[in-house]
$ cat start.csv   # CSV, C-alpha atoms
chain,number,residue,atom,x,y,z
I,15,THR,CA,90.6,79.2,52.6
I,16,ARG,CA,92.0,80.4,55.9
I,17,VAL,CA,88.5,81.8,56.7
I,18,ASN,CA,87.0,78.3,56.5
I,19,VAL,CA,89.9,76.8,58.5
I,20,GLY,CA,89.2,79.4,61.2
I,21,LYS,CA,85.5,78.5,61.3
I,22,SER,CA,86.3,74.8,61.5
I,23,LEU,CA,88.8,75.5,64.3
I,24,ALA,CA,86.1,77.4,66.2
I,25,VAL,CA,83.7,74.5,65.9
I,26,LEU,CA,86.4,72.1,67.2
I,27,ARG,CA,87.1,74.4,70.2
I,28,ILE,CA,83.4,74.3,71.1
I,29,MET,CA,83.3,70.4,70.9
I,30,LEU,CA,86.4,70.1,73.0
I,31,ASN,CA,85.0,72.6,75.5
I,32,TYR,CA,81.9,70.4,75.8
I,33,ALA,CA,84.2,67.4,76.5
I,34,ILE,CA,85.9,69.4,79.3
I,35,ALA,CA,82.5,70.2,80.8
I,36,GLN,CA,81.7,66.5,80.7
I,37,GLU,CA,85.1,65.8,82.4
I,38,LEU,CA,86.2,63.7,79.4
I,39,ILE,CA,89.4,65.7,78.9
I,40,ALA,CA,91.4,68.0,81.1
I,41,SER,CA,92.2,70.8,78.7
I,42,ASN,CA,91.5,72.1,75.2
I,43,PRO,CA,94.5,71.7,72.9
I,44,ALA,CA,92.8,73.7,70.1
I,45,ASN,CA,93.2,76.9,72.2
I,46,ILE,CA,96.9,77.2,71.4
I,47,VAL,CA,96.2,77.0,67.6
I,48,ARG,CA,95.8,80.4,65.8
I,49,VAL,CA,94.9,81.0,62.2
I,50,LYS,CA,96.0,84.3,60.9
I,51,ILE,CA,93.6,85.8,58.4
I,52,ALA,CA,94.6,88.6,56.1
I,53,GLU,CA,92.4,91.7,56.4
I,54,ARG,CA,91.4,91.4,52.7
I,55,ASP,CA,90.0,87.9,53.5
I,56,ARG,CA,87.9,89.1,56.4
I,57,PRO,CA,84.2,89.4,55.5
I,58,LEU,CA,82.8,92.9,55.9
I,59,MET,CA,80.6,93.2,59.0
I,60,VAL,CA,77.0,94.4,58.4
I,61,ILE,CA,75.8,96.7,61.1
I,62,PRO,CA,72.0,96.5,62.0
I,63,GLY,CA,69.9,99.6,62.1
I,64,ARG,CA,67.7,100.7,65.0
I,65,ASP,CA,64.6,99.1,63.3
I,66,ASN,CA,66.5,95.8,62.9
I,67,VAL,CA,67.5,95.7,66.6
I,68,ARG,CA,64.0,96.7,67.7
I,69,ALA,CA,62.5,93.9,65.6
I,70,ILE,CA,65.0,91.3,66.9
I,71,LEU,CA,64.3,92.2,70.5
I,72,GLN,CA,60.5,92.1,69.9
I,73,GLU,CA,61.0,88.6,68.4
I,74,PHE,CA,62.9,87.5,71.5
I,75,ASN,CA,60.1,88.8,73.7
I,76,ARG,CA,57.4,87.1,71.5
I,77,ARG,CA,59.1,83.8,72.0
I,78,ILE,CA,59.3,84.4,75.8
I,79,ARG,CA,55.6,85.0,75.9
I,80,GLU,CA,54.6,82.1,73.7
I,81,THR,CA,56.9,79.3,74.9
I,82,GLN,CA,55.1,76.5,76.8
I,83,SER,CA,58.3,75.1,78.4
I,84,ASP,CA,59.7,76.5,81.7
I,85,PHE,CA,63.2,75.5,80.5
I,86,HIS,CA,62.9,77.4,77.3
I,87,TYR,CA,61.2,80.3,79.0
I,88,ARG,CA,64.2,80.7,81.3
I,89,ALA,CA,66.6,80.2,78.4
I,90,TRP,CA,65.0,82.9,76.3
I,91,ILE,CA,64.9,85.3,79.3
I,92,ARG,CA,68.6,84.9,79.7
I,93,ALA,CA,69.3,85.2,75.9
I,94,ASN,CA,67.1,88.3,75.7
I,95,ALA,CA,69.1,90.0,78.6
I,96,PHE,CA,72.4,89.1,76.9
I,97,VAL,CA,71.4,90.6,73.5
I,98,THR,CA,69.8,93.6,75.2
I,99,LEU,CA,73.0,94.3,77.1
I,100,LEU,CA,75.1,94.1,74.0
I,101,ALA,CA,72.9,96.4,72.1
I,102,ALA,CA,72.5,98.9,74.9
I,103,THR,CA,76.1,99.2,76.0
I,104,GLY,CA,78.4,98.3,73.0
I,105,MET,CA,80.1,95.6,75.2
I,106,ARG,CA,82.1,92.9,73.5
I,107,VAL,CA,80.6,89.5,73.5
I,108,SER,CA,83.5,88.2,75.5
I,109,GLU,CA,83.0,91.0,78.1
I,110,CYS,CA,79.4,90.1,78.4
I,111,ARG,CA,80.2,86.4,78.8
I,112,GLY,CA,82.8,87.1,81.5
I,113,LEU,CA,80.7,89.6,83.4
I,114,PRO,CA,80.8,88.7,87.1
I,115,LEU,CA,77.6,89.0,89.1
I,116,GLY,CA,79.2,91.7,91.4
I,117,ALA,CA,79.9,93.9,88.4
I,118,TYR,CA,76.2,94.8,88.0
I,119,ASP,CA,75.0,97.5,90.3
I,120,HIS,CA,71.2,97.7,90.2
I,121,GLU,CA,70.9,100.7,92.5
I,122,ARG,CA,73.3,102.8,90.4
I,123,GLY,CA,72.2,101.3,87.1
I,124,GLU,CA,75.8,100.6,86.2
I,125,ILE,CA,78.0,97.8,84.9
I,126,THR,CA,81.8,97.7,85.6
I,127,VAL,CA,83.8,96.0,82.9
I,128,LYS,CA,87.0,94.7,84.2
I,129,GLN,CA,87.4,91.2,82.6
I,130,ARG,CA,86.4,89.0,79.7
I,131,ALA,CA,85.9,85.3,79.0
I,132,ASP,CA,87.8,83.8,76.0
I,133,GLU,CA,86.3,81.1,73.8
I,134,SER,CA,87.3,78.4,76.3
I,135,GLY,CA,85.7,80.3,79.2
I,136,GLU,CA,89.0,81.4,80.7
I,137,ILE,CA,88.9,84.7,82.5
I,138,GLY,CA,91.3,87.5,81.6
I,139,PRO,CA,91.5,91.3,81.3
I,140,PRO,CA,89.7,93.3,78.6
I,141,LYS,CA,91.4,93.4,75.2
I,142,THR,CA,92.6,97.0,75.7
I,143,ARG,CA,93.3,99.4,78.5
I,144,SER,CA,90.3,101.4,77.6
I,145,GLY,CA,88.3,98.2,78.0
I,146,HIS,CA,88.3,98.9,81.8
I,147,ARG,CA,85.2,101.1,82.1
I,148,THR,CA,81.9,101.8,83.8
I,149,LEU,CA,78.8,101.8,81.7
I,150,LEU,CA,75.5,103.4,82.6
I,151,LEU,CA,72.3,101.5,81.9
I,152,SER,CA,68.8,102.8,81.2
I,153,LYS,CA,65.9,101.8,83.5
I,154,GLU,CA,64.5,99.6,80.7
I,155,CYS,CA,67.8,97.8,80.3
I,156,CYS,CA,68.1,97.3,84.0
I,157,ALA,CA,64.6,95.8,84.1
I,158,VAL,CA,65.5,93.2,81.5
I,159,VAL,CA,68.7,92.2,83.3
I,160,ASP,CA,66.8,92.1,86.7
I,161,ARG,CA,64.2,89.8,85.2
I,162,HIS,CA,66.9,87.4,84.1
I,163,LEU,CA,68.6,87.5,87.5
I,164,VAL,CA,65.3,86.7,89.3
I,165,VAL,CA,64.3,84.0,86.9
I,166,ASN,CA,67.6,82.2,86.4
I,167,GLU,CA,69.4,83.0,89.7
I,168,PRO,CA,73.0,82.9,88.6
I,169,THR,CA,75.6,82.7,91.3
I,170,GLU,CA,79.0,83.5,89.7
I,171,PHE,CA,78.5,85.3,86.4
I,172,VAL,CA,75.6,87.3,85.1
I,173,PHE,CA,75.3,84.9,82.2
I,174,GLU,CA,76.4,81.4,83.2
I,175,THR,CA,75.9,77.7,82.4
I,176,THR,CA,74.4,75.2,84.8
I,177,SER,CA,78.0,74.4,85.9
I,178,HIS,CA,78.5,78.2,86.8
I,179,ARG,CA,80.9,78.8,83.9
I,180,PRO,CA,80.6,81.7,81.4
I,181,ILE,CA,77.9,81.0,78.8
I,182,TYR,CA,79.2,80.2,75.3
I,183,GLY,CA,78.6,82.9,72.7
I,184,GLN,CA,78.0,80.2,70.1
I,185,ASN,CA,75.1,78.9,72.3
I,186,ILE,CA,73.4,82.2,72.2
I,187,TYR,CA,74.0,82.5,68.5
I,188,ALA,CA,72.8,79.1,67.4
I,189,ARG,CA,69.9,78.5,69.8
I,190,PHE,CA,68.4,82.0,70.0
I,191,TRP,CA,69.9,84.7,67.7
I,192,LYS,CA,69.8,82.6,64.5
I,193,PRO,CA,66.2,81.3,65.0
I,194,ALA,CA,65.0,84.8,65.8
I,195,LEU,CA,66.7,86.3,62.6
I,196,ARG,CA,65.3,83.4,60.6
I,197,SER,CA,61.8,84.2,61.7
I,198,LEU,CA,62.3,87.8,60.7
I,199,ASP,CA,63.9,86.8,57.4
I,200,LEU,CA,67.1,88.8,58.3
I,201,GLY,CA,69.5,86.6,56.3
I,202,ASP,CA,69.9,84.4,53.3
I,203,THR,CA,69.7,80.7,52.6
I,204,ALA,CA,72.5,78.8,50.9
I,205,LEU,CA,73.4,75.2,50.2
I,206,SER,CA,76.2,73.9,52.4
I,207,ASN,CA,77.9,70.5,52.6
I,208,ARG,CA,77.7,68.7,56.0
I,209,ASN,CA,79.0,65.2,56.4
I,210,GLY,CA,78.9,64.7,52.7
I,211,LYS,CA,75.2,65.8,52.4
I,212,GLN,CA,74.0,69.1,51.0
I,213,ILE,CA,71.7,71.0,53.3
I,214,VAL,CA,69.9,74.3,53.1
I,215,ASP,CA,71.5,76.6,55.7
I,216,PHE,CA,70.4,80.0,57.0
I,217,ARG,CA,73.1,82.6,57.2
I,218,CYS,CA,72.3,85.6,59.4
I,219,ARG,CA,72.6,89.1,58.0
I,220,PHE,CA,74.0,90.3,61.3
I,221,ASP,CA,76.4,88.7,63.8
I,222,LEU,CA,76.2,89.1,67.5
I,223,LYS,CA,79.4,91.1,67.3
I,224,SER,CA,77.8,93.7,65.1
I,225,LEU,CA,75.7,94.9,68.1
I,226,ARG,CA,78.9,96.4,69.5
I,227,HIS,CA,78.8,98.9,66.6
I,228,PHE,CA,75.1,99.5,66.5
I,229,ARG,CA,74.0,103.0,67.5
$ encode --input "start.csv" --output "structure tokens"
Amino acid sequence: TRVNVGKSLAVLRIMLNYAIAQELIASNPANIVRVKIAERDRPLMVIPGRDNVRAILQEFNRRIRETQSDFHYRAWIRANAFVTLLAATGMRVSECRGLPLGAYDHERGEITVKQRADESGEIGPPKTRSGHRTLLLSKECCAVVDRHLVVNEPTEFVFETTSHRPIYGQNIYARFWKPALRSLDLGDTALSNRNGKQIVDFRCRFDLKSLRHFR
């Protein structure tokens, strides 16, 4: 189906982006390929409730407390700030990924959204005119973001890789979001075929994008 083709293309883009980061290739040819999916073929998005989001963030913080690795501690701190910001503001994942360090004002408790990062990490304007906006943050949300900034010390983007590029949304999803939801049993298991072998895969009930519609 076109949906599966789109998923495969997304995986290919991630692999080629990694090759770019390793300086193996100069550009990502998959970025110019688009798969049009009819609205009837798009899966319905399931929106989490307040209890769901609260439980997910509690699970993130449990993992922060219990990890014995400094690397994983810093990584979970960053992921927790990313997810908290999505849930608290309704930002798009791409806007959060492309958020420059200077767009966060701790004193005012504000974030100014003026750009986004696409799947390849290229910076561009928000998707719509109304995407240019200033968002107010609660003290609790600011505290989570501040902790991340102190622990991880980013220099270009609020959420960046070690090479100072926007973090990949798939990285947050696969390494942090999915394990947290699996622990909370917020999803279903299904058999899937990978390299000719059948494996049991966990499918999250909620996607990161669903946090934009959570209220």
$ closest_atom_pairs --input "start.csv" --of "stretch 109-186 of chain I" --to "stretch 72-82 of chain I" --cutoff "12 Å" --atoms "all atoms listed in the file" --output "Markdown table"
| residue | atom | partner | partner_atom | distance |
| --- | --- | --- | --- | --- |
| I:Val158 | CA | I:Asn75 | CA | 10.5 |
| I:Arg161 | CA | I:Ile78 | CA | 11.9 |
| I:His162 | CA | I:Ile78 | CA | 11.6 |
| I:Ile186 | CA | I:Phe74 | CA | 11.8 |
$ residues_near_point --input "start.csv" --point "(78.2, 81.4, 88.3)" --cutoff "12 Å" --atoms "all atoms listed in the file" --output "MDAnalysis selection string"
chainID I and resid 111:116 135 163 166:181
$ closest_residue --input "start.csv" --among "I:Val127, I:Ser134, I:Arg189, I:Gly104" --to "I:Ala33" --atoms "all atoms listed in the file"
I:Ser134
$ residues_around --input "start.csv" --residues "I:Thr148" --least-positions-apart "6" --cutoff "8 Å" --atoms "all atoms listed in the file" --output "JSON, numbers by chain"
{"I": [124, 125, 126, 127]}
$ atom_distance --input "start.csv" --atom1 "atom CA of I:Trp90" --atom2 "atom CA of I:Leu200"
19.1 Å
$ residues_around --input "start.csv" --residues "I:Asp132" --least-positions-apart "5" --cutoff "8 Å" --atoms "only C-alpha atoms" --output "VMD selection string"
chain I and resid 108 137 to 138
